[in-house]
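Everything on this sheet refers to the single structure shown next.
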Amino acid sequence: MAPRREERISLAAPVAPPTLRHHVTPILEVSKETPKIKAFVLSAPAIARTATPGQFMMVWIPGVDEIPMSIAAVEPDEGHVEFAAALVGEATRHLHKTKRGDLLGLRGPLGKGFELPISEGKPPPQSLLVVAGGCGAPPILFATDSALHGDWEVDVVLGATTESELLYRRRFNCLTHTLVLTTDDGTAGTQGTAVQGAEVLLKQRRAAGAEGYAACFACGPEPMLKGLVKLAKKYELPLQVSLERYMKCGVGICGHCIIDIKGSRVCTEGPVFPASQLYNTDFGKSTLDATGRRQRL
Ligand SMILES: Cc1cc2nc3c(=O)[nH]c(=O)nc-3n(C[C@H](O)[C@H](O)[C@H](O)COP(=O)(O)OP(=O)(O)OC[C@H]3O[C@@H](n4cnc5c(N)ncnc54)[C@H](O)[C@@H]3O)c2cc1C
Ligand code: FES
């Protein structure tokens, strides 16, 4: 006897992939890292086990908005993920008001992260230079930790406007011997920009006759990244930069984060791009706002 029609129909709702579905989870820890930046730790085992440095999550603040945040750290065994958010507008204002136990939704890990080069016949230790400016520090912290676990030597340049805004300073200090600090106002480290800090390290290395860095990873304000692209050209430094563009879907569907006529999307082909791929793009020139209007940078 043929099965009755209703017996053959699955009543289970179709399950969306984790990049489209929110993992709703309570906040485990909130810490004030700087006067403007708070860090949040949540339980998200699937993200913690698969995320690579430079990837991001879409963070849903119920009833408010969904915004992209870089992954700052993971604890794969405990299934914890951390991100750090600067207070800049409506969504981050609500985020900064949340406390332990409040629910957030996470989608991810999303995008393409940093890639350590594998050079044949040359085992680690190789040297990596990482440069973080302002709230660009989270993905750089994750990349530093991960490279050190892979036996890379990592030199860090951490820049901010002023001493109190040097995000994750203590955590970087625990990880690496070479931590160059720069502040715009000279309250800590060298007065100047993170790009100038990076040039000091590059000059020192050249003067000592040491081999150049095998790679450089950077995240921070776009003018800083633009300066680093110039510096990388001068010192023949293989540079990868993490970009920010206004994101809606975060998974390559809406096209809001496209940066060139080829249709390269920051959410899927990036957010990390080799500097060599940024010529003939909007990098350093313009960006789209929430309504799709082009804004000069
Ligand atoms: C891949 C990626 C990783 C990021 N990682 C971090 C991080 O680790 N820490 C951090 O503090 N910030 C990060 N940002 C920036 C962060 O998403 C914005 O600061 C946040 O969305 C601001 O929201 P708001 O409503 O508080 O501010 P608004 O007042 O709405 O906007 C303030 C600024 O934030 C930008 N912004 C707002 N909404 C979005 C959005 N949906 N997508 C992208 N930019 C937006 C706008 O360009 C605007 O200039 C990241 C952005 C991207 C694209
Ligand atoms: S945010 Fe929709 S395509 Fe990138």
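Each chain of the structure tokens is named A, B, ... in the order shown, its residues numbered from 1; ligands are numbered from 1 in display order.
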Name the residues, by chain letter and number, that sit within 8 Å of ligand 1 using only C-alpha atoms and all ligand atoms, and give them as a PyMOL selection string. chain A and resi 37+55-57+65-72+83-94+111+135-139+242-248+266-267+271+288-290
Which residues, written as a list in words, have at least one atom at most 7 Å from segment 61-64 of chain A, with only C-alpha atoms counted and residues fewer than 5 positions away on the same chain left out? Ala91, Leu95, Leu104 and Gly105 of chain A
Each chain A residue no farther than 6 Å from ligand 2, nearest pair in Å, only C-alpha atoms and all ligand atoms, as a Markdown table:
| residue | atom | partner | partner_atom_place_in_ligand_line | distance |
| --- | --- | --- | --- | --- |
| A:Met247 | CA | ligand 2 | 1 (S) | 3.8 |
| A:Lys248 | CA | ligand 2 | 1 (S) | 4.4 |
| A:Cys249 | CA | ligand 2 | 2 (Fe) | 4.0 |
| A:Gly250 | CA | ligand 2 | 1 (S) | 4.0 |
| A:Val251 | CA | ligand 2 | 2 (Fe) | 5.7 |
| A:Gly252 | CA | ligand 2 | 3 (S) | 3.4 |
| A:Ile253 | CA | ligand 2 | 3 (S) | 4.5 |
| A:Cys254 | CA | ligand 2 | 2 (Fe) | 3.8 |
| A:Gly255 | CA | ligand 2 | 3 (S) | 3.7 |
| A:His256 | CA | ligand 2 | 2 (Fe) | 5.1 |
| A:Cys257 | CA | ligand 2 | 4 (Fe) | 4.4 |
| A:Arg265 | CA | ligand 2 | 4 (Fe) | 5.3 |
| A:Val266 | CA | ligand 2 | 4 (Fe) | 5.9 |
| A:Cys267 | CA | ligand 2 | 4 (Fe) | 4.4 |
Two-atom distance - atom CA of Leu20 of chain A, atom CA of Pro53 of chain A (Å):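 Separation between atom CA of Leu20 of chain A and atom CA of Pro53 of chain A: 20.3 Å.
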Find the residue from A:Ile258, A:Ala147, A:Val156, A:Ile47 that sits nearest to Pro117 of chain A; use only C-alpha atoms when measuring.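 Checking each candidate against Pro117 of chain A, we get A:Ala147 as the closest.
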Which residue is closest to Arg169 of chain A? Choose from A:Thr52, A:Thr182, A:Gln277, A:Gln204 and count only C-alpha atoms. A:Thr182
Which residue gives the smallest distance to Arg21 of chain A among A:Ala210, A:Met58, A:Ala51, A:Leu42, with only C-alpha atoms counted?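 Going through A:Ala210, A:Met58, A:Ala51, A:Leu42 one by one, the smallest distance to Arg21 of chain A is for A:Met58.
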So that I can see what lies close to segment 229-237 of chain A, please list as a list in words the residues with an atom at most 10 Å from it, counting only C-alpha atoms and leaving out residues fewer than 3 positions away in the same chain. Leu129, Val195, Gln196, Ala198, Glu199, Leu202, Lys203, Arg206, Gly212, Tyr213, Ala214, Ala215, Cys216, Ala218, Pro223, Met224, Leu225, Lys226, Gln240, Val241, Pro274, Ala275, Ser276 and Leu278 of chain A
Please report, as a PyMOL selection string, each residue of segment 246-293 of chain A to which DSSP assigns strand (DSSP E) when run on this structure's backbone. chain A and resi 272-274+286-288
I'd like the contact shell of Glu153 of chain A - 8 Å cut-off, only C-alpha atoms, skipping same-chain residues fewer than 5 positions apart - returned as a list in words.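 Counting only the stated atoms, we get Pro125, Gln126, Ser127, Leu128, Ala147 and Leu148 of chain A.
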Selection above as a file: C-alpha atoms, as an mmCIF file, in the first residue's frame:
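That gives us out-v8.cif:
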data_model
loop_
_atom_site.group_PDB
_atom_site.id
_atom_site.type_symbol
_atom_site.label_atom_id
_atom_site.label_comp_id
_atom_site.auth_asym_id
_atom_site.auth_seq_id
_atom_site.Cartn_x
_atom_site.Cartn_y
_atom_site.Cartn_z
ATOM 1 C CA PRO A 125 60.835 30.296 12.931
ATOM 2 C CA GLN A 126 60.022 32.895 10.373
ATOM 3 C CA SER A 127 59.202 36.452 11.272
ATOM 4 C CA LEU A 128 55.849 38.125 11.059
ATOM 5 C CA ALA A 147 51.222 32.573 14.612
ATOM 6 C CA LEU A 148 53.096 32.144 17.919
#
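Proximity ranking of A:Lys99, A:Thr50, A:His23, A:Asn280 relative to Pro76 of chain A places A:Thr50 first, based on only C-alpha atoms.
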Using Å and a single decimal, report how far atom CA of Val154 of chain A sits from atom CA of Leu179 of chain A. 9.1 Å
Ala44 of chain A environment, 8 Å, only C-alpha atoms, sequence neighbours closer than 6 positions dropped, as a PyMOL selection string: chain A and resi 23+25+79-81+106
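For the pair atom CA of Val180 of chain A and atom CA of Ala160 of chain A, the separation is 11.6 Å.
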Counting only C-alpha atoms, which of A:Leu175, A:Val30, A:Val200, A:Ala194 gets nearest to Phe142 of chain A?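 Comparing A:Leu175, A:Val30, A:Val200, A:Ala194 against Phe142 of chain A, the winner is A:Leu175.
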Would you list the contacts of Lys285 of chain A as number ranges by chain, taking every protein, DNA or RNA residue within 7 Å and counting only C-alpha atoms, but skipping same-chain residues closer than 3 positions in sequence? A: 282, 296-297
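Ranking A:Tyr279, A:His177, A:Lys38, A:Glu115 by their shortest atom-to-atom distance to Ile261 of chain A, with only C-alpha atoms included, puts A:Tyr279 first.
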